[in-house]
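To be precise, the following lines are coords-v8.pdb, and they hold PDB, C-alpha atoms.
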```
ATOM      1  CA  MET A   1      64.569 279.559  78.414  1.00  0.00           C
ATOM      2  CA  GLN A   2      64.184 277.973  81.838  1.00  0.00           C
ATOM      3  CA  THR A   3      67.189 276.668  83.724  1.00  0.00           C
ATOM      4  CA  THR A   4      67.496 272.883  84.033  1.00  0.00           C
ATOM      5  CA  VAL A   5      68.614 271.689  87.471  1.00  0.00           C
ATOM      6  CA  ILE A   6      69.273 268.211  88.823  1.00  0.00           C
ATOM      7  CA  ARG A   7      68.841 267.869  92.567  1.00  0.00           C
ATOM      8  CA  ARG A   8      68.026 265.359  95.261  1.00  0.00           C
ATOM      9  CA  ALA A   9      64.340 264.567  95.455  1.00  0.00           C
ATOM     10  CA  THR A  10      62.650 265.213  98.770  1.00  0.00           C
ATOM     11  CA  PRO A  11      59.425 263.825 100.196  1.00  0.00           C
ATOM     12  CA  ASP A  12      57.826 267.164  99.281  1.00  0.00           C
ATOM     13  CA  ASP A  13      58.348 266.259  95.602  1.00  0.00           C
ATOM     14  CA  ALA A  14      56.116 263.185  95.932  1.00  0.00           C
ATOM     15  CA  ALA A  15      52.985 264.653  94.315  1.00  0.00           C
ATOM     16  CA  ALA A  16      54.849 265.872  91.215  1.00  0.00           C
ATOM     17  CA  ILE A  17      56.727 262.580  90.888  1.00  0.00           C
ATOM     18  CA  ALA A  18      53.521 260.586  91.371  1.00  0.00           C
ATOM     19  CA  ALA A  19      51.863 262.584  88.568  1.00  0.00           C
ATOM     20  CA  ILE A  20      54.730 261.850  86.143  1.00  0.00           C
ATOM     21  CA  TYR A  21      54.735 258.159  87.042  1.00  0.00           C
ATOM     22  CA  ALA A  22      50.918 257.840  86.842  1.00  0.00           C
ATOM     23  CA  TYR A  23      51.039 258.509  83.108  1.00  0.00           C
ATOM     24  CA  TYR A  24      53.287 255.466  82.579  1.00  0.00           C
ATOM     25  CA  VAL A  25      51.214 253.231  84.851  1.00  0.00           C
ATOM     26  CA  LYS A  26      47.930 254.127  83.130  1.00  0.00           C
ATOM     27  CA  ASN A  27      49.064 254.330  79.514  1.00  0.00           C
ATOM     28  CA  THR A  28      52.123 252.136  79.036  1.00  0.00           C
ATOM     29  CA  ALA A  29      53.629 248.758  79.797  1.00  0.00           C
ATOM     30  CA  VAL A  30      56.911 250.445  80.764  1.00  0.00           C
ATOM     31  CA  THR A  31      56.012 249.611  84.359  1.00  0.00           C
ATOM     32  CA  PHE A  32      54.066 246.533  85.394  1.00  0.00           C
ATOM     33  CA  GLU A  33      52.211 248.379  88.157  1.00  0.00           C
ATOM     34  CA  ASN A  34      48.501 248.378  87.360  1.00  0.00           C
ATOM     35  CA  GLU A  35      47.333 251.201  89.631  1.00  0.00           C
ATOM     36  CA  PRO A  36      49.243 254.461  90.000  1.00  0.00           C
ATOM     37  CA  PRO A  37      50.589 254.893  93.517  1.00  0.00           C
ATOM     38  CA  GLY A  38      49.457 258.050  95.234  1.00  0.00           C
ATOM     39  CA  ALA A  39      51.656 260.816  96.569  1.00  0.00           C
ATOM     40  CA  GLU A  40      51.887 259.184 100.014  1.00  0.00           C
ATOM     41  CA  GLU A  41      53.183 255.907  98.557  1.00  0.00           C
ATOM     42  CA  ILE A  42      55.716 257.802  96.438  1.00  0.00           C
ATOM     43  CA  ARG A  43      56.742 259.803  99.511  1.00  0.00           C
ATOM     44  CA  GLU A  44      57.421 256.523 101.332  1.00  0.00           C
ATOM     45  CA  ARG A  45      59.438 255.212  98.387  1.00  0.00           C
ATOM     46  CA  ILE A  46      61.552 258.379  98.225  1.00  0.00           C
ATOM     47  CA  GLU A  47      62.241 258.151 101.957  1.00  0.00           C
ATOM     48  CA  ALA A  48      63.035 254.423 101.839  1.00  0.00           C
ATOM     49  CA  TYR A  49      65.318 254.483  98.787  1.00  0.00           C
ATOM     50  CA  SER A  50      67.071 257.678  99.924  1.00  0.00           C
ATOM     51  CA  ARG A  51      68.250 256.017 103.123  1.00  0.00           C
ATOM     52  CA  ARG A  52      70.947 254.300 101.076  1.00  0.00           C
ATOM     53  CA  TYR A  53      70.824 255.439  97.440  1.00  0.00           C
ATOM     54  CA  PRO A  54      70.310 258.628  95.418  1.00  0.00           C
ATOM     55  CA  TYR A  55      66.801 259.601  94.351  1.00  0.00           C
ATOM     56  CA  LEU A  56      67.127 262.555  91.989  1.00  0.00           C
ATOM     57  CA  CYS A  57      64.769 264.832  90.112  1.00  0.00           C
ATOM     58  CA  ILE A  58      65.342 267.140  87.174  1.00  0.00           C
ATOM     59  CA  THR A  59      63.579 270.471  87.006  1.00  0.00           C
ATOM     60  CA  GLN A  60      62.997 273.225  84.502  1.00  0.00           C
ATOM     61  CA  GLY A  61      62.238 276.373  86.385  1.00  0.00           C
ATOM     62  CA  ASP A  62      60.112 275.258  89.316  1.00  0.00           C
ATOM     63  CA  THR A  63      58.651 272.236  87.500  1.00  0.00           C
ATOM     64  CA  ILE A  64      59.863 268.679  88.004  1.00  0.00           C
ATOM     65  CA  ILE A  65      60.146 267.099  84.548  1.00  0.00           C
ATOM     66  CA  GLY A  66      61.603 263.739  85.568  1.00  0.00           C
ATOM     67  CA  PHE A  67      63.191 261.580  88.210  1.00  0.00           C
ATOM     68  CA  ALA A  68      65.726 258.785  88.491  1.00  0.00           C
ATOM     69  CA  PHE A  69      66.685 256.624  91.430  1.00  0.00           C
ATOM     70  CA  ALA A  70      68.605 253.579  92.538  1.00  0.00           C
ATOM     71  CA  HIS A  71      67.828 250.834  95.009  1.00  0.00           C
ATOM     72  CA  HIS A  72      69.106 247.415  96.069  1.00  0.00           C
ATOM     73  CA  PHE A  73      69.738 245.093  93.165  1.00  0.00           C
ATOM     74  CA  ARG A  74      69.274 242.214  95.609  1.00  0.00           C
ATOM     75  CA  GLU A  75      69.078 242.334  99.411  1.00  0.00           C
ATOM     76  CA  ARG A  76      71.979 240.029 100.349  1.00  0.00           C
ATOM     77  CA  PRO A  77      75.305 241.690 101.339  1.00  0.00           C
ATOM     78  CA  ALA A  78      77.151 240.018  98.440  1.00  0.00           C
ATOM     79  CA  TYR A  79      75.212 242.364  96.108  1.00  0.00           C
ATOM     80  CA  ASP A  80      76.176 245.583  97.935  1.00  0.00           C
ATOM     81  CA  TYR A  81      78.244 246.853  95.003  1.00  0.00           C
ATOM     82  CA  ALA A  82      75.382 246.518  92.500  1.00  0.00           C
ATOM     83  CA  ALA A  83      72.303 248.736  92.204  1.00  0.00           C
ATOM     84  CA  GLU A  84      69.105 248.692  90.183  1.00  0.00           C
ATOM     85  CA  VAL A  85      68.311 251.991  88.463  1.00  0.00           C
ATOM     86  CA  SER A  86      65.108 253.518  87.083  1.00  0.00           C
ATOM     87  CA  ILE A  87      64.205 256.688  85.220  1.00  0.00           C
ATOM     88  CA  TYR A  88      60.954 258.391  84.239  1.00  0.00           C
ATOM     89  CA  LEU A  89      60.519 261.681  82.402  1.00  0.00           C
ATOM     90  CA  HIS A  90      57.336 263.648  81.964  1.00  0.00           C
ATOM     91  CA  HIS A  91      55.949 262.366  78.663  1.00  0.00           C
ATOM     92  CA  ASP A  92      56.224 265.844  77.099  1.00  0.00           C
ATOM     93  CA  HIS A  93      59.938 266.076  77.955  1.00  0.00           C
ATOM     94  CA  ARG A  94      61.261 262.873  76.407  1.00  0.00           C
ATOM     95  CA  ARG A  95      63.961 262.896  73.709  1.00  0.00           C
ATOM     96  CA  GLY A  96      65.255 266.330  74.670  1.00  0.00           C
ATOM     97  CA  GLY A  97      68.381 265.321  76.569  1.00  0.00           C
ATOM     98  CA  ALA A  98      66.954 265.470  80.103  1.00  0.00           C
ATOM     99  CA  GLY A  99      67.117 261.685  80.486  1.00  0.00           C
ATOM    100  CA  THR A 100      70.794 261.549  79.613  1.00  0.00           C
ATOM    101  CA  LEU A 101      71.533 264.418  82.021  1.00  0.00           C
ATOM    102  CA  ILE A 102      69.788 262.896  85.023  1.00  0.00           C
ATOM    103  CA  TYR A 103      71.014 259.343  84.359  1.00  0.00           C
ATOM    104  CA  SER A 104      74.581 260.621  84.121  1.00  0.00           C
ATOM    105  CA  ALA A 105      74.149 262.481  87.425  1.00  0.00           C
ATOM    106  CA  LEU A 106      72.701 259.356  89.050  1.00  0.00           C
ATOM    107  CA  GLU A 107      75.622 257.280  87.776  1.00  0.00           C
ATOM    108  CA  ASN A 108      78.135 259.808  89.130  1.00  0.00           C
ATOM    109  CA  GLU A 109      76.532 259.766  92.573  1.00  0.00           C
ATOM    110  CA  LEU A 110      76.539 255.956  92.604  1.00  0.00           C
ATOM    111  CA  LYS A 111      80.243 255.938  91.647  1.00  0.00           C
ATOM    112  CA  LYS A 112      80.984 258.201  94.630  1.00  0.00           C
ATOM    113  CA  MET A 113      79.271 255.631  96.867  1.00  0.00           C
ATOM    114  CA  GLY A 114      81.471 252.838  95.498  1.00  0.00           C
ATOM    115  CA  VAL A 115      78.814 251.059  93.414  1.00  0.00           C
ATOM    116  CA  LYS A 116      80.485 248.987  90.691  1.00  0.00           C
ATOM    117  CA  SER A 117      77.632 247.805  88.461  1.00  0.00           C
ATOM    118  CA  LEU A 118      74.175 249.055  87.497  1.00  0.00           C
ATOM    119  CA  TYR A 119      71.189 247.067  86.281  1.00  0.00           C
ATOM    120  CA  ALA A 120      67.922 248.154  84.693  1.00  0.00           C
ATOM    121  CA  CYS A 121      64.806 246.002  84.405  1.00  0.00           C
ATOM    122  CA  ILE A 122      63.068 246.922  81.141  1.00  0.00           C
ATOM    123  CA  ALA A 123      59.813 245.748  79.544  1.00  0.00           C
ATOM    124  CA  VAL A 124      60.116 245.142  75.807  1.00  0.00           C
ATOM    125  CA  PRO A 125      57.482 244.806  73.091  1.00  0.00           C
ATOM    126  CA  GLY A 126      57.141 241.724  70.944  1.00  0.00           C
ATOM    127  CA  GLY A 127      56.381 243.861  67.875  1.00  0.00           C
ATOM    128  CA  ASP A 128      54.185 246.881  67.198  1.00  0.00           C
ATOM    129  CA  ASP A 129      52.455 247.715  70.446  1.00  0.00           C
ATOM    130  CA  PRO A 130      50.331 250.738  71.397  1.00  0.00           C
ATOM    131  CA  HIS A 131      51.549 250.522  75.016  1.00  0.00           C
ATOM    132  CA  LEU A 132      55.277 249.901  74.633  1.00  0.00           C
ATOM    133  CA  THR A 133      58.149 250.842  72.324  1.00  0.00           C
ATOM    134  CA  ASN A 134      61.851 250.019  72.253  1.00  0.00           C
ATOM    135  CA  ALA A 135      62.725 253.535  73.479  1.00  0.00           C
ATOM    136  CA  SER A 136      63.973 252.373  76.883  1.00  0.00           C
ATOM    137  CA  PRO A 137      66.329 249.628  75.637  1.00  0.00           C
ATOM    138  CA  LEU A 138      67.677 252.028  72.995  1.00  0.00           C
ATOM    139  CA  PHE A 139      68.161 254.770  75.599  1.00  0.00           C
ATOM    140  CA  HIS A 140      70.016 252.404  77.911  1.00  0.00           C
ATOM    141  CA  GLU A 141      72.175 251.150  75.064  1.00  0.00           C
ATOM    142  CA  LYS A 142      73.069 254.762  74.231  1.00  0.00           C
ATOM    143  CA  CYS A 143      74.041 255.215  77.898  1.00  0.00           C
ATOM    144  CA  GLY A 144      76.446 252.262  77.720  1.00  0.00           C
ATOM    145  CA  TYR A 145      74.265 249.423  79.000  1.00  0.00           C
ATOM    146  CA  HIS A 146      74.361 245.955  77.477  1.00  0.00           C
ATOM    147  CA  LEU A 147      71.840 243.124  77.436  1.00  0.00           C
ATOM    148  CA  CYS A 148      72.281 240.718  80.357  1.00  0.00           C
ATOM    149  CA  GLY A 149      69.232 238.495  79.998  1.00  0.00           C
ATOM    150  CA  THR A 150      65.684 238.086  78.739  1.00  0.00           C
ATOM    151  CA  PHE A 151      62.674 236.760  80.639  1.00  0.00           C
ATOM    152  CA  ARG A 152      59.943 235.650  78.254  1.00  0.00           C
ATOM    153  CA  SER A 153      56.301 236.523  78.920  1.00  0.00           C
ATOM    154  CA  CYS A 154      56.943 237.317  82.564  1.00  0.00           C
ATOM    155  CA  GLY A 155      54.582 240.300  82.855  1.00  0.00           C
ATOM    156  CA  ARG A 156      50.959 240.731  81.901  1.00  0.00           C
ATOM    157  CA  LYS A 157      49.329 244.099  81.348  1.00  0.00           C
ATOM    158  CA  PHE A 158      46.628 245.382  78.996  1.00  0.00           C
ATOM    159  CA  ASN A 159      45.591 241.740  78.371  1.00  0.00           C
ATOM    160  CA  LYS A 160      48.970 240.982  76.816  1.00  0.00           C
ATOM    161  CA  TRP A 161      52.115 239.120  77.862  1.00  0.00           C
ATOM    162  CA  TYR A 162      55.346 241.124  77.857  1.00  0.00           C
ATOM    163  CA  ASP A 163      58.981 240.116  77.924  1.00  0.00           C
ATOM    164  CA  MET A 164      61.349 241.786  80.332  1.00  0.00           C
ATOM    165  CA  ILE A 165      65.067 242.275  79.834  1.00  0.00           C
ATOM    166  CA  TRP A 166      67.863 243.173  82.185  1.00  0.00           C
ATOM    167  CA  MET A 167      70.521 245.548  80.932  1.00  0.00           C
ATOM    168  CA  GLY A 168      73.720 246.270  82.835  1.00  0.00           C
ATOM    169  CA  LYS A 169      76.635 248.664  82.948  1.00  0.00           C
ATOM    170  CA  ILE A 170      79.932 248.472  84.795  1.00  0.00           C
ATOM    171  CA  ILE A 171      80.847 251.814  86.419  1.00  0.00           C
ATOM    172  CA  GLY A 172      83.660 250.838  88.790  1.00  0.00           C
ATOM    173  CA  ASP A 173      86.766 248.757  89.103  1.00  0.00           C
ATOM    174  CA  PHE A 174      86.675 245.354  90.742  1.00  0.00           C
ATOM    175  CA  SER A 175      89.485 244.813  93.225  1.00  0.00           C
ATOM    176  CA  ASP A 176      90.124 241.979  95.641  1.00  0.00           C
ATOM    177  CA  ASP A 177      89.697 244.335  98.595  1.00  0.00           C
ATOM    178  CA  PRO A 178      87.003 246.930  97.773  1.00  0.00           C
ATOM    179  CA  GLN A 179      86.253 249.776 100.140  1.00  0.00           C
ATOM    180  CA  PRO A 180      82.926 249.448 101.979  1.00  0.00           C
ATOM    181  CA  LEU A 181      79.995 251.011 100.163  1.00  0.00           C
ATOM    182  CA  ILE A 182      79.211 254.512 101.427  1.00  0.00           C
ATOM    183  CA  PRO A 183      75.463 255.020 101.982  1.00  0.00           C
ATOM    184  CA  TYR A 184      74.361 258.027  99.964  1.00  0.00           C
ATOM    185  CA  PRO A 185      73.395 260.200 102.957  1.00  0.00           C
ATOM    186  CA  ASP A 186      76.918 259.725 104.384  1.00  0.00           C
ATOM    187  CA  LEU A 187      78.800 261.063 101.387  1.00  0.00           C
ATOM    188  CA  ARG A 188      80.935 264.031 102.346  1.00  0.00           C
ATOM    189  CA  GLU A 189      80.894 265.522  98.865  1.00  0.00           C
ATOM    190  CA  ARG A 190      77.251 266.535  98.558  1.00  0.00           C
ATOM    191  CA  SER A 191      77.178 268.542  95.336  1.00  0.00           C
ATOM    192  CA  LEU A 192      75.782 267.053  92.128  1.00  0.00           C
TER     193      LEU A 192
END
```
Can you give me the file's structure in the form of structure tokens?
Amino acid sequence: MQTTVIRRATPDDAAAIAAIYAYYVKNTAVTFENEPPGAEEIRERIEAYSRRYPYLCITQGDTIIGFAFAHHFRERPAYDYAAEVSIYLHHDHRRGGAGTLIYSALENELKKMGVKSLYACIAVPGGDDPHLTNASPLFHEKCGYHLCGTFRSCGRKFNKWYDMIWMGKIIGDFSDDPQPLIPYPDLRERSL
């Protein structure tokens, strides 16, 4: 049995991450991107998001089997204590516990930064759909997220309109005088 490890993603992981993500872009409505970004675009995303937030990958042996990351929920300073989160697992490694492991690690790193609330933007099917299931909303619910809002027919892919929901989770306490958010690279405690 290969050892499962969660670690920070690096720009050198871009090709493996791009390959995992390409499956979802080409075959599902989980993401509303129509063309899979190449390794260079993913490298740029890893570098950009990692300037402030965690971008993690989960491996078995030497193989990356998934990734999860956070980024700005909104750009204005009033939203500094909120983050948007995303997760993708290699399609052959879903429903085996890897998603829960990496999402928990991501949440823990965000807590260390001082993030108080997490939000996930999730496409949902309007019934039986060959390109989309309710797996993501159910996964998020299992992880403690709740429905925040629904946007009807806001995305179009595979010649079909899709709804999108936002789900949220509170991970910190709200005080009248919160400590400034610590950018992820500045955290002193660097172990996952």
Each residue of region 17-99 of chain A with at least one atom at most 10 Å from region 163-182 of chain A should appear once, together with its nearest atom pair and the corresponding distance in Å (one decimal); atoms considered: all atoms listed in the file; ordering: chain, then increasing residue number; output as JSON lines.
```
{"residue": "A:Val30", "atom": "CA", "partner": "A:Met164", "partner_atom": "CA", "distance": 9.7}
{"residue": "A:Arg52", "atom": "CA", "partner": "A:Ile182", "partner_atom": "CA", "distance": 8.3}
{"residue": "A:Tyr53", "atom": "CA", "partner": "A:Ile182", "partner_atom": "CA", "distance": 9.3}
{"residue": "A:Asp80", "atom": "CA", "partner": "A:Leu181", "partner_atom": "CA", "distance": 7.0}
{"residue": "A:Tyr81", "atom": "CA", "partner": "A:Leu181", "partner_atom": "CA", "distance": 6.9}
{"residue": "A:Ala82", "atom": "CA", "partner": "A:Ile170", "partner_atom": "CA", "distance": 9.2}
{"residue": "A:Ala83", "atom": "CA", "partner": "A:Gly168", "partner_atom": "CA", "distance": 9.8}
{"residue": "A:Glu84", "atom": "CA", "partner": "A:Gly168", "partner_atom": "CA", "distance": 9.0}
{"residue": "A:Val85", "atom": "CA", "partner": "A:Gly168", "partner_atom": "CA", "distance": 9.7}
```
Open item on the list: Taking (51.3, 257.1, 98.2) in the coordinates of the supplied file, I want to know which residues reach to within 12 Å of it, counting all atoms listed in the file; could you give the answer as a list in words?
Closed with: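 Using all atoms listed in the file, the matching residues come out as Pro11, Asp13, Ala14, Ala15, Ala16, Ile17, Ala18, Ala19, Tyr21, Ala22, Glu35, Pro36, Pro37, Gly38, Ala39, Glu40, Glu41, Ile42, Arg43, Glu44, Arg45, Ile46 and Glu47 of chain A.
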Now that the selection is made, can you save its residues with C-alpha atoms as an mmCIF file, in the coordinates of the input?
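Ended up saving to out-v1.cif:
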```cif
data_model
loop_
_atom_site.group_PDB
_atom_site.id
_atom_site.type_symbol
_atom_site.label_atom_id
_atom_site.label_comp_id
_atom_site.auth_asym_id
_atom_site.auth_seq_id
_atom_site.Cartn_x
_atom_site.Cartn_y
_atom_site.Cartn_z
ATOM 1 C CA PRO A 11 59.425 263.825 100.196
ATOM 2 C CA ASP A 13 58.348 266.259 95.602
ATOM 3 C CA ALA A 14 56.116 263.185 95.932
ATOM 4 C CA ALA A 15 52.985 264.653 94.315
ATOM 5 C CA ALA A 16 54.849 265.872 91.215
ATOM 6 C CA ILE A 17 56.727 262.580 90.888
ATOM 7 C CA ALA A 18 53.521 260.586 91.371
ATOM 8 C CA ALA A 19 51.863 262.584 88.568
ATOM 9 C CA TYR A 21 54.735 258.159 87.042
ATOM 10 C CA ALA A 22 50.918 257.840 86.842
ATOM 11 C CA GLU A 35 47.333 251.201 89.631
ATOM 12 C CA PRO A 36 49.243 254.461 90.000
ATOM 13 C CA PRO A 37 50.589 254.893 93.517
ATOM 14 C CA GLY A 38 49.457 258.050 95.234
ATOM 15 C CA ALA A 39 51.656 260.816 96.569
ATOM 16 C CA GLU A 40 51.887 259.184 100.014
ATOM 17 C CA GLU A 41 53.183 255.907 98.557
ATOM 18 C CA ILE A 42 55.716 257.802 96.438
ATOM 19 C CA ARG A 43 56.742 259.803 99.511
ATOM 20 C CA GLU A 44 57.421 256.523 101.332
ATOM 21 C CA ARG A 45 59.438 255.212 98.387
ATOM 22 C CA ILE A 46 61.552 258.379 98.225
ATOM 23 C CA GLU A 47 62.241 258.151 101.957
#
```
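Interatomic distance, CA of Ile102 (chain A) to CA of Ile6 (chain A): 6.6 Å.
Residue nearest Gly114 (chain A) within the list A:Pro183, A:Gly155, A:Gly96, A:Pro130: A:Pro183 [criterion: smallest interatomic distance, all atoms listed in the file].
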Open item on the list: What does the structure give for the distance between CA of Ala29 (chain A) and CA of Val124 (chain A), in Å to one decimal?
Closed with: 8.4 Å
- [ ] Evaluate the PyMOL selection byres ((chain A and resi 70-78) around 10) here and jot the selected residues down as JSON, numbers by chain.
- [x] {"A": [48, 49, 50, 51, 52, 53, 54, 55, 56, 68, 69, 79, 80, 81, 82, 83, 84, 85, 86, 87, 106, 107, 110, 117, 118, 119, 120]}
TODO: Quick one: everything within 12 Å of Phe139 (chain A), counting all atoms listed in the file, minus sequence neighbours fewer than 3 positions away in the same chain. Send it as a ChimeraX atom specification.
DONE: /A:86-88,94-100,103,120,122,133-136,142-146,167
Task: d(CA of His91 (chain A), CA of Pro137 (chain A)) in Å - done: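 If I compute the distance from CA of His91 (chain A) to CA of Pro137 (chain A), I get 16.7 Å.
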Open item on the list: as an NGL selection string, please: the residues near Cys154 (chain A) (cut-off 10 Å, all atoms listed in the file, same-chain neighbours under 2 positions excluded).
Closed with: :A and (123 or 150-152 or 156 or 161-165)
Listed atoms of region 47-50 of chain A boxed axis-aligned with 5 Å per side, centre + edges as lines of an AutoDock Vina configuration file:
```
center_x = 64.7
center_y = 256.3
center_z = 100.4
size_x = 14.8
size_y = 13.7
size_z = 13.2
```
TODO: Find the spatial neighbours of Thr3 (chain A), counting all atoms listed in the file, within a cut-off of 9 Å - ignore same-chain residues fewer than 3 positions away - and output them as a count of residues only.
DONE: 3
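Among A:Val25, A:Phe67, A:Ser104, A:Asp62, the residue with the shortest atom-to-atom distance to His131 (chain A), counting all atoms listed in the file, is A:Val25.
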Open item on the list: Given all atoms listed in the file as the basis, pick out the residue of A:His140, A:His90, A:Ala9, A:Gln2 nearest to Tyr23 (chain A).
Closed with: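 Closest to Tyr23 (chain A) of all the choices is A:His90.
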Task: Selected residue of minimal separation from Lys112 (chain A) among A:Pro185, A:Gly66, A:Gly149, A:Gly126, counting all atoms listed in the file - done: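 Of A:Pro185, A:Gly66, A:Gly149, A:Gly126, the one nearest Lys112 (chain A) is A:Pro185, counting all atoms listed in the file.
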